[in-house]
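K.L.:
Input structure: my_file16.txt, which contains compact mmCIF, C-alpha atoms.
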```txt
# COMPACT_ATOMS: atom_id res chain seq x y z
CA MET A 1490 52.58 9.84 -108.14
CA MET A 1491 49.40 11.82 -107.47
CA ARG A 1492 47.81 10.38 -110.65
CA ALA A 1493 48.65 6.83 -109.53
CA LEU A 1494 47.19 7.51 -106.08
CA LEU A 1495 43.95 8.85 -107.59
CA LEU A 1496 43.70 5.80 -109.86
CA MET A 1497 44.19 3.43 -106.92
CA THR A 1498 41.49 5.31 -104.97
CA ALA A 1499 39.05 5.07 -107.90
CA LEU A 1500 39.68 1.34 -108.35
CA SER A 1501 39.20 0.80 -104.61
CA ALA A 1502 35.84 2.62 -104.66
CA CYS A 1503 34.62 0.39 -107.51
CA THR A 1504 35.58 -2.86 -105.78
CA THR A 1505 32.60 -4.76 -104.37
CA SER A 1506 33.11 -6.68 -101.14
CA ASP A 1507 32.64 -10.44 -101.47
CA ALA A 1508 31.97 -10.85 -97.75
CA PRO A 1509 29.09 -13.33 -97.26
CA THR A 1510 25.69 -12.57 -95.77
CA ILE A 1511 23.42 -15.43 -94.69
CA THR A 1512 19.70 -15.15 -94.00
CA VAL A 1513 17.86 -17.93 -92.13
CA ALA A 1514 14.09 -17.42 -92.07
CA VAL A 1515 10.73 -19.12 -92.40
CA ALA A 1516 9.75 -18.87 -96.07
CA ASP A 1517 6.67 -16.95 -97.20
CA ASP A 1518 4.79 -20.23 -97.77
CA ALA A 1519 5.17 -21.01 -94.02
CA GLN A 1520 6.08 -24.57 -95.03
CA HIS A 1521 9.84 -24.28 -95.49
CA LEU A 1522 12.95 -22.99 -93.80
CA SER A 1523 14.83 -20.69 -96.15
CA ILE A 1524 18.65 -20.47 -96.03
CA THR A 1525 20.15 -17.86 -98.36
CA LEU A 1526 23.82 -17.08 -98.94
CA GLU A 1527 24.49 -13.70 -100.58
CA ARG A 1528 27.80 -12.79 -102.20
CA SER A 1529 29.11 -10.07 -104.52
CA PRO A 1530 27.77 -9.68 -108.08
CA GLU A 1531 30.99 -11.12 -109.53
CA HIS A 1532 31.01 -14.19 -107.27
CA THR A 1533 31.04 -17.74 -108.68
CA PHE A 1534 29.90 -20.22 -106.05
CA ASP A 1535 32.12 -23.11 -105.04
CA THR A 1536 30.70 -26.45 -103.84
CA LEU A 1537 27.79 -25.80 -101.47
CA VAL A 1538 26.50 -28.03 -98.66
CA ALA A 1539 24.00 -27.02 -95.96
CA THR A 1540 22.16 -28.66 -93.09
CA ALA A 1541 19.44 -27.45 -90.71
CA ASN A 1542 19.28 -29.26 -87.36
CA GLY A 1543 21.32 -31.99 -89.05
CA VAL A 1544 18.84 -32.36 -91.95
CA ASP A 1545 20.41 -32.18 -95.42
CA ALA A 1546 19.19 -29.01 -97.15
CA GLY A 1547 19.58 -30.53 -100.61
CA THR A 1548 20.85 -28.74 -103.70
CA ALA A 1549 21.15 -24.99 -103.69
CA GLU A 1550 19.30 -22.88 -106.22
CA ILE A 1551 21.79 -20.44 -107.73
CA GLU A 1552 20.90 -16.95 -108.88
CA PRO A 1553 23.98 -15.42 -110.56
CA GLY A 1554 24.88 -11.84 -109.76
CA HIS A 1555 24.55 -9.10 -112.33
CA VAL A 1556 27.44 -6.82 -113.25
CA PRO A 1557 26.28 -4.00 -115.56
CA PRO A 1558 28.59 -2.45 -118.14
CA PRO A 1559 30.34 0.81 -117.18
CA ASN A 1560 27.93 3.73 -117.33
CA THR A 1561 28.13 7.08 -115.57
CA SER A 1562 24.45 7.93 -116.06
CA PRO A 1563 22.45 8.28 -112.81
CA PHE A 1564 19.87 6.00 -114.44
CA ALA A 1565 22.42 3.32 -115.28
CA ASP A 1566 21.72 -0.37 -114.77
CA GLN A 1567 22.52 -1.40 -111.18
CA ALA A 1568 24.56 -4.35 -109.96
CA SER A 1569 22.78 -7.13 -108.06
CA PRO A 1570 24.29 -9.75 -105.70
CA ALA A 1571 24.69 -13.47 -106.36
CA PHE A 1572 22.49 -15.77 -104.27
CA ALA A 1573 22.57 -19.46 -103.31
CA SER A 1574 19.33 -20.58 -101.64
CA PHE A 1575 18.18 -23.73 -99.88
CA LEU A 1576 14.67 -24.76 -98.80
CA VAL A 1577 14.13 -27.31 -96.00
CA PRO A 1578 10.60 -28.59 -95.22
CA LEU A 1579 9.58 -27.45 -91.74
CA ALA A 1580 7.96 -30.84 -91.22
CA SER A 1581 11.47 -32.35 -91.13
CA LEU A 1582 12.57 -30.10 -88.25
CA THR A 1583 11.71 -30.40 -84.56
CA GLY A 1584 11.85 -27.95 -81.68
CA PRO A 1585 11.90 -24.15 -81.71
CA ALA A 1586 15.66 -23.75 -82.33
CA VAL A 1587 17.32 -23.81 -85.74
CA HIS A 1588 21.01 -24.70 -86.10
CA VAL A 1589 22.37 -24.15 -89.63
CA GLU A 1590 25.74 -25.21 -90.95
CA LEU A 1591 26.69 -24.12 -94.46
CA THR A 1592 29.90 -24.81 -96.33
CA GLU A 1593 31.08 -23.16 -99.51
CA GLY A 1594 34.38 -24.61 -100.67
CA SER A 1595 36.69 -24.22 -97.66
CA ASP A 1596 34.48 -21.65 -95.90
CA HIS A 1597 32.35 -23.00 -93.06
CA PHE A 1598 29.49 -21.00 -91.52
CA VAL A 1599 27.38 -21.68 -88.41
CA ILE A 1600 24.15 -19.86 -87.51
CA ASP A 1601 21.86 -20.43 -84.50
CA VAL A 1602 18.36 -18.94 -84.19
CA PRO A 1603 16.99 -20.18 -80.84
CA GLU A 1604 13.27 -19.45 -81.30
CA LEU A 1605 12.71 -19.27 -85.05
CA LEU A 1606 10.23 -22.17 -85.04
CA ALA A 1607 8.53 -21.39 -81.72
CA PRO A 1608 4.70 -21.42 -81.93
CA ARG A 1609 3.36 -17.90 -82.49
CA ALA A 1610 -0.02 -16.21 -82.66
CA ILE A 1611 -1.32 -12.69 -82.11
CA HIS A 1612 -2.32 -12.19 -78.47
CA VAL A 1613 -4.25 -9.02 -77.62
CA VAL A 1614 -2.87 -7.74 -74.32
CA THR A 1615 -5.42 -4.91 -74.08
CA PRO A 1616 -8.67 -6.27 -72.57
CA ALA A 1617 -10.93 -7.47 -75.38
CA ASN A 1618 -13.98 -5.63 -74.00
CA THR A 1619 -12.23 -2.25 -74.06
CA GLN A 1620 -13.86 0.55 -76.03
CA PHE A 1621 -11.27 2.29 -78.16
CA HIS A 1622 -11.35 6.08 -78.40
CA ALA A 1623 -9.22 8.37 -80.55
CA ASN A 1624 -5.50 7.99 -79.71
CA ASP A 1625 -6.12 4.85 -77.62
CA ARG A 1626 -3.73 1.93 -78.12
CA ILE A 1627 -4.30 -1.73 -78.79
CA GLU A 1628 -1.35 -3.74 -77.47
CA VAL A 1629 -0.43 -7.16 -78.83
CA SER A 1630 2.29 -9.82 -78.51
CA SER A 1631 3.38 -12.80 -80.59
CA GLY A 1632 3.65 -15.11 -77.57
CA VAL A 1633 7.48 -15.16 -77.86
CA ALA A 1634 9.11 -12.61 -75.55
CA THR A 1635 12.33 -12.17 -77.56
CA ASP A 1636 10.58 -11.19 -80.82
CA THR A 1637 10.84 -7.70 -82.29
CA LEU A 1638 7.41 -6.76 -83.65
CA GLY A 1639 6.10 -4.29 -86.22
CA GLY A 1640 3.08 -3.85 -88.46
CA GLY A 1641 -0.28 -2.15 -88.09
CA PHE A 1642 -4.02 -2.62 -88.47
CA GLU A 1643 -7.08 -1.90 -90.57
CA ALA A 1644 -10.58 -1.22 -89.26
CA LEU A 1645 -13.01 -3.22 -91.41
CA GLU A 1646 -16.71 -3.18 -92.25
CA GLY A 1647 -17.18 -6.31 -94.34
CA ASP A 1648 -14.43 -6.09 -96.96
CA ALA A 1649 -14.20 -2.30 -96.75
CA ASP A 1650 -11.14 -0.67 -95.16
CA CYS A 1651 -12.47 2.12 -92.94
CA PHE A 1652 -9.12 3.39 -91.67
CA THR A 1653 -5.56 2.16 -91.40
CA ASN A 1654 -2.88 2.98 -88.88
CA TRP A 1655 0.74 1.80 -88.79
CA ALA A 1656 1.97 3.96 -85.91
CA THR A 1657 3.61 1.70 -83.34
CA ILE A 1658 4.98 1.90 -79.82
CA ILE A 1659 7.45 -0.89 -79.12
CA GLY A 1660 7.66 -2.37 -75.62
CA PRO A 1661 9.98 -5.08 -74.25
CA THR A 1662 7.66 -7.96 -75.30
CA THR A 1663 4.73 -6.26 -77.05
CA ILE A 1664 3.84 -3.64 -79.63
CA ALA A 1665 0.98 -1.12 -79.41
CA TYR A 1666 -0.93 0.30 -82.37
CA THR A 1667 -2.50 3.72 -81.92
CA MET A 1668 -6.01 4.72 -83.00
CA PRO A 1669 -6.29 7.79 -85.26
CA PRO A 1670 -6.47 11.18 -83.53
CA ASP A 1671 -9.99 11.80 -84.90
CA LEU A 1672 -12.09 8.68 -85.50
CA THR A 1673 -14.91 10.55 -87.22
CA GLN A 1674 -12.63 12.37 -89.64
CA ASP A 1675 -10.61 9.24 -90.45
CA TRP A 1676 -13.64 6.95 -90.83
CA GLY A 1677 -13.75 6.05 -94.54
CA CYS A 1678 -16.78 3.76 -94.65
CA GLY A 1679 -19.56 6.33 -94.68
CA VAL A 1680 -21.35 4.59 -97.56
CA VAL A 1681 -21.13 1.11 -96.02
CA GLN A 1682 -21.55 2.20 -92.39
CA PRO A 1683 -21.83 5.89 -91.42
CA ALA A 1684 -19.89 6.97 -88.35
CA PRO A 1685 -22.11 7.43 -85.30
CA PRO A 1686 -22.62 10.91 -83.81
CA PRO A 1687 -20.13 12.16 -81.19
CA GLY A 1688 -20.44 10.05 -78.05
CA GLY A 1689 -21.79 7.08 -80.01
CA THR A 1690 -20.17 3.66 -80.33
CA LEU A 1691 -19.76 1.21 -83.22
CA PRO A 1692 -18.82 -2.50 -83.14
CA THR A 1693 -16.25 -3.23 -85.85
CA THR A 1694 -13.34 -5.53 -86.68
CA LEU A 1695 -9.64 -4.77 -86.56
CA GLU A 1696 -7.39 -6.79 -88.86
CA LEU A 1697 -4.00 -6.89 -87.14
CA ASP A 1698 -0.89 -7.50 -89.26
CA VAL A 1699 2.17 -8.20 -87.10
CA SER A 1700 5.66 -8.57 -88.55
CA VAL A 1701 8.14 -10.64 -86.54
CA VAL A 1702 11.94 -10.64 -86.36
CA THR A 1703 13.60 -13.10 -83.96
CA PRO A 1704 17.22 -12.83 -82.74
CA VAL A 1705 20.18 -14.68 -84.23
CA ALA A 1706 22.20 -15.91 -81.25
CA HIS A 1707 25.28 -17.23 -83.04
CA CYS A 1708 26.80 -16.17 -86.36
CA GLU A 1709 30.21 -17.67 -87.11
CA GLY A 1710 32.32 -17.86 -90.25
CA PRO A 1711 34.90 -15.95 -92.30
CA ASP A 1712 33.73 -12.29 -92.64
CA LEU A 1713 30.15 -13.51 -92.12
CA THR A 1714 27.18 -11.20 -91.52
CA CYS A 1715 23.85 -12.73 -90.49
CA ALA A 1716 20.75 -10.89 -91.62
CA PRO A 1717 17.73 -10.69 -89.27
CA SER A 1718 15.62 -13.86 -89.08
CA SER A 1719 11.92 -13.45 -89.73
CA ILE A 1720 8.70 -15.39 -90.13
CA PRO A 1721 5.68 -14.63 -92.36
CA THR A 1722 3.40 -11.85 -91.13
CA LEU A 1723 0.95 -12.88 -88.42
CA ILE A 1724 -2.66 -11.88 -89.16
CA ALA A 1725 -5.68 -11.87 -86.85
CA LYS A 1726 -9.16 -10.33 -86.94
CA VAL A 1727 -10.32 -8.96 -83.59
CA PRO A 1728 -13.83 -7.67 -82.81
CA VAL A 1729 -13.72 -4.34 -80.98
CA THR A 1730 -15.97 -1.37 -80.19
CA LEU A 1731 -14.99 2.10 -81.31
CA ALA A 1732 -16.14 5.07 -79.26
CA PHE A 1733 -16.58 8.22 -81.40
```
Using structure tokens, write down the structure from this file.

P.N.:
Amino acid sequence: MMRALLLMTALSACTTSDAPTITVAVADDAQHLSITLERSPEHTFDTLVATANGVDAGTAEIEPGHVPPPNTSPFADQASPAFASFLVPLASLTGPAVHVELTEGSDHFVIDVPELLAPRAIHVVTPANTQFHANDRIEVSSGVATDTLGGGFEALEGDADCFTNWATIIGPTTIAYTMPPDLTQDWGCGVVQPAPPPGGTLPTTLELDVSVVTPVAHCEGPDLTCAPSSIPTLIAKVPVTLAF
């Protein structure tokens, strides 16, 4: 009896859940809406149909899952999920909201992302004429209050990266990036542009890279999980003055 119980436990631990996960996002090319259905490595997809705001998403591209042979080595080949992906041209969609319906066989899924296609750009909340000292913060928004933001910045002289900082402080509608604790010590462009003496200032450029995740408001379907919805990274170059 104990042996049978142990065998059942081992088989249960090796079973991979086939519960679906759907990701709705703006594709990296910023020209398409991406709809991706993820299932277990062993899954064989049934008939697939998807629409976005009523627009037919076309034929899914299937990437079969990978089930490696049994191997107890810690360096063994790893399993990978099966994916079915759709791309819908953004030009065919109107408004900020995205409503996706996806059917696989008898399973029907509905996802709503209210502000996925809202216009976005990096807005510097900190006054543009501010001189930034060590540990000062530059605060930015995407222009969409419900977004969750991340990212960081580089200080540039021409094409040279003089310092980078990814430390962030998240607010309700903005994110703030913090200057290094010692601008002179962290300044890495001494050959291109030496750091000024203590008390001096230097005009430079910050390249801001802001990642964006926007909320999924509705996620409905059998055992469905909806992954976070995102858009490609926002990038802006902002002239600032550093105070050493």

K.L.:
Using only C-alpha atoms, which protein or nucleic acid residues come within 9 Å of Asp1671 in chain A? Drop anything in the same chain fewer than 5 positions from it, and give the result as a list in words.

P.N.:
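Contacts, with the query itself left out: His1622, Ala1623, Asn1624, Trp1676 and Phe1733 of chain A.
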
K.L.:
Restricting the calculation to all atoms listed in the file, which member of A:Val1556, A:Ala1644, A:Ala1514, A:Ile1524 is positioned closest to Phe1621 in chain A?

P.N.:
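Nearest to Phe1621 in chain A: A:Ala1644.
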
K.L.:
In Å to one decimal, how far is CA of Leu1723 in chain A from CA of Arg1609 in chain A?

P.N.:
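That distance, rounded to one decimal, is 8.1 Å.
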
K.L.:
Would you pick out the contacts of Ser1595 in chain A at 9 Å or less, using only C-alpha atoms, so that residues sharing its chain but fewer than 2 positions from it are not included, and give the list as a list in words?

P.N.:
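Those residues are Asp1535, Thr1536, Thr1592, Glu1593 and His1597 of chain A.
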
K.L.:
Skip Pro1685 in chain A itself and residues of its chain fewer than 4 positions away, then list as a list in words all residues within 9 Å of it, counting all atoms listed in the file.

P.N.:
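Those residues are Thr1673, Gly1689, Thr1690, Leu1691, Ala1732 and Phe1733 of chain A.
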
K.L.:
Looking at A:Glu1604, A:Asp1507, A:Glu1550, A:Asp1650, which one is nearest to Asp1636 in chain A, with distances taken over all atoms listed in the file?

P.N.:
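Looking only at the distances to Asp1636 in chain A, the closest residue turns out to be A:Glu1604.
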
K.L.:
Would you compute the distance between CA of Ser1700 in chain A and CA of Ala1716 in chain A? Give it in Å to one decimal.

P.N.:
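So the two atoms, CA of Ser1700 in chain A and CA of Ala1716 in chain A, lie 15.6 Å apart.
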
K.L.:
Fewer than 4 positions away in the same chain doesn't count, so skip those; otherwise give me all residues within 7 Å of Phe1642 in chain A, counting only C-alpha atoms, as a ChimeraX atom specification.

P.N.:
/A:1653-1655,1695-1698

K.L.:
Keeping only C-alpha atoms, write the selected residues as a PDB file, keeping the file's coordinate frame.

P.N.:
```pdb
ATOM      1  CA  THR A1653      -5.560   2.160 -91.400  1.00  0.00           C
ATOM      2  CA  ASN A1654      -2.880   2.980 -88.880  1.00  0.00           C
ATOM      3  CA  TRP A1655       0.740   1.800 -88.790  1.00  0.00           C
ATOM      4  CA  LEU A1695      -9.640  -4.770 -86.560  1.00  0.00           C
ATOM      5  CA  GLU A1696      -7.390  -6.790 -88.860  1.00  0.00           C
ATOM      6  CA  LEU A1697      -4.000  -6.890 -87.140  1.00  0.00           C
ATOM      7  CA  ASP A1698      -0.890  -7.500 -89.260  1.00  0.00           C
TER       8      ASP A1698
END
```

K.L.:
For a quick check of understanding, using all atoms listed in the file, which of A:Val1705, A:Ile1627, A:Ala1684, A:Leu1582 has the smallest distance to Ile1658 in chain A?

P.N.:
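Using all atoms listed in the file, Ile1658 in chain A sits closest to A:Ile1627.
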
K.L.:
At what distance in Å, to one decimal, does CA of Ile1611 in chain A lie from CA of His1588 in chain A?

P.N.:
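For CA of His1588 in chain A relative to CA of Ile1611 in chain A, the distance reads 25.7 Å.
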
K.L.:
Leaving out Glu1590 in chain A and any residue of its chain fewer than 3 positions from it, which residues lie within 12 Å of it when counting all atoms listed in the file, given as an MDAnalysis selection string?

P.N.:
chainID A and resid 1511 1513 1524:1526 1537:1546 1575 1587 1593 1596:1602 1707:1710

K.L.:
Of the candidates A:Gly1688, A:Gly1641, A:Pro1670, A:Pro1711, which one gets nearest to Ala1725 in chain A if we count all atoms listed in the file?

P.N.:
A:Gly1641

K.L.:
Out of A:Glu1646, A:Glu1531, A:Asp1712, A:Asp1625, which residue has the shortest atom-to-atom distance to Pro1669 in chain A when counting all atoms listed in the file?

P.N.:
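Using all atoms listed in the file, the shortest distance to Pro1669 in chain A belongs to A:Asp1625.
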
K.L.:
Using only C-alpha atoms, can you tell me which of A:Glu1552, A:Thr1663, A:Cys1651, A:Val1699 comes closest to Thr1533 in chain A?

P.N.:
A:Glu1552

K.L.:
Can you tell me, as a PyMOL selection string, which residues sit within 7 Å of (13.1, -24.0, -82.9) in the file's frame, using all atoms listed in the file?

P.N.:
chain A and resi 1583-1587+1603-1607

K.L.:
Generate the coordinates of N, CA, C and O atoms for range 1576-1591 of chain A; report them as a tab-separated table (two decimals), in the coordinates of the input.

P.N.:
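Final output, saved to rebuild11.tsv:
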```
chain	number	residue	atom	x	y	z
A	1576	LEU	N	15.96	-24.66	-99.47
A	1576	LEU	CA	14.67	-24.76	-98.80
A	1576	LEU	C	14.59	-26.11	-98.10
A	1576	LEU	O	14.84	-27.15	-98.71
A	1577	VAL	N	14.25	-26.09	-96.80
A	1577	VAL	CA	14.13	-27.31	-96.00
A	1577	VAL	C	12.70	-27.39	-95.48
A	1577	VAL	O	12.22	-26.44	-94.85
A	1578	PRO	N	11.97	-28.49	-95.73
A	1578	PRO	CA	10.60	-28.59	-95.22
A	1578	PRO	C	10.57	-28.46	-93.69
A	1578	PRO	O	11.34	-29.12	-92.98
A	1579	LEU	N	9.69	-27.61	-93.19
A	1579	LEU	CA	9.58	-27.45	-91.74
A	1579	LEU	C	9.15	-28.74	-91.06
A	1579	LEU	O	9.51	-28.99	-89.90
A	1580	ALA	N	8.43	-29.57	-91.79
A	1580	ALA	CA	7.96	-30.84	-91.22
A	1580	ALA	C	9.13	-31.75	-90.85
A	1580	ALA	O	8.96	-32.66	-90.03
A	1581	SER	N	10.30	-31.50	-91.44
A	1581	SER	CA	11.47	-32.35	-91.13
A	1581	SER	C	12.26	-31.84	-89.93
A	1581	SER	O	13.24	-32.47	-89.52
A	1582	LEU	N	11.85	-30.71	-89.36
A	1582	LEU	CA	12.57	-30.10	-88.25
A	1582	LEU	C	11.75	-30.18	-86.97
A	1582	LEU	O	10.52	-30.08	-87.02
A	1583	THR	N	12.41	-30.35	-85.86
A	1583	THR	CA	11.71	-30.40	-84.56
A	1583	THR	C	12.27	-29.36	-83.62
A	1583	THR	O	13.44	-28.97	-83.73
A	1584	GLY	N	11.42	-28.91	-82.69
A	1584	GLY	CA	11.85	-27.95	-81.68
A	1584	GLY	C	11.84	-26.53	-82.20
A	1584	GLY	O	11.78	-26.29	-83.41
A	1585	PRO	N	11.94	-25.56	-81.30
A	1585	PRO	CA	11.90	-24.15	-81.71
A	1585	PRO	C	13.22	-23.65	-82.30
A	1585	PRO	O	13.23	-22.71	-83.09
A	1586	ALA	N	14.35	-24.27	-81.92
A	1586	ALA	CA	15.66	-23.75	-82.33
A	1586	ALA	C	16.05	-24.27	-83.70
A	1586	ALA	O	15.73	-25.41	-84.09
A	1587	VAL	N	16.78	-23.42	-84.44
A	1587	VAL	CA	17.32	-23.81	-85.74
A	1587	VAL	C	18.84	-23.63	-85.70
A	1587	VAL	O	19.34	-22.55	-85.37
A	1588	HIS	N	19.55	-24.70	-86.03
A	1588	HIS	CA	21.01	-24.70	-86.10
A	1588	HIS	C	21.40	-24.99	-87.55
A	1588	HIS	O	21.11	-26.07	-88.07
A	1589	VAL	N	22.00	-24.02	-88.21
A	1589	VAL	CA	22.37	-24.15	-89.63
A	1589	VAL	C	23.88	-24.21	-89.75
A	1589	VAL	O	24.60	-23.42	-89.14
A	1590	GLU	N	24.34	-25.17	-90.55
A	1590	GLU	CA	25.74	-25.21	-90.95
A	1590	GLU	C	25.78	-25.19	-92.47
A	1590	GLU	O	25.07	-25.95	-93.13
A	1591	LEU	N	26.59	-24.29	-93.00
A	1591	LEU	CA	26.69	-24.12	-94.46
A	1591	LEU	C	28.16	-24.04	-94.83
A	1591	LEU	O	28.93	-23.30	-94.20
```
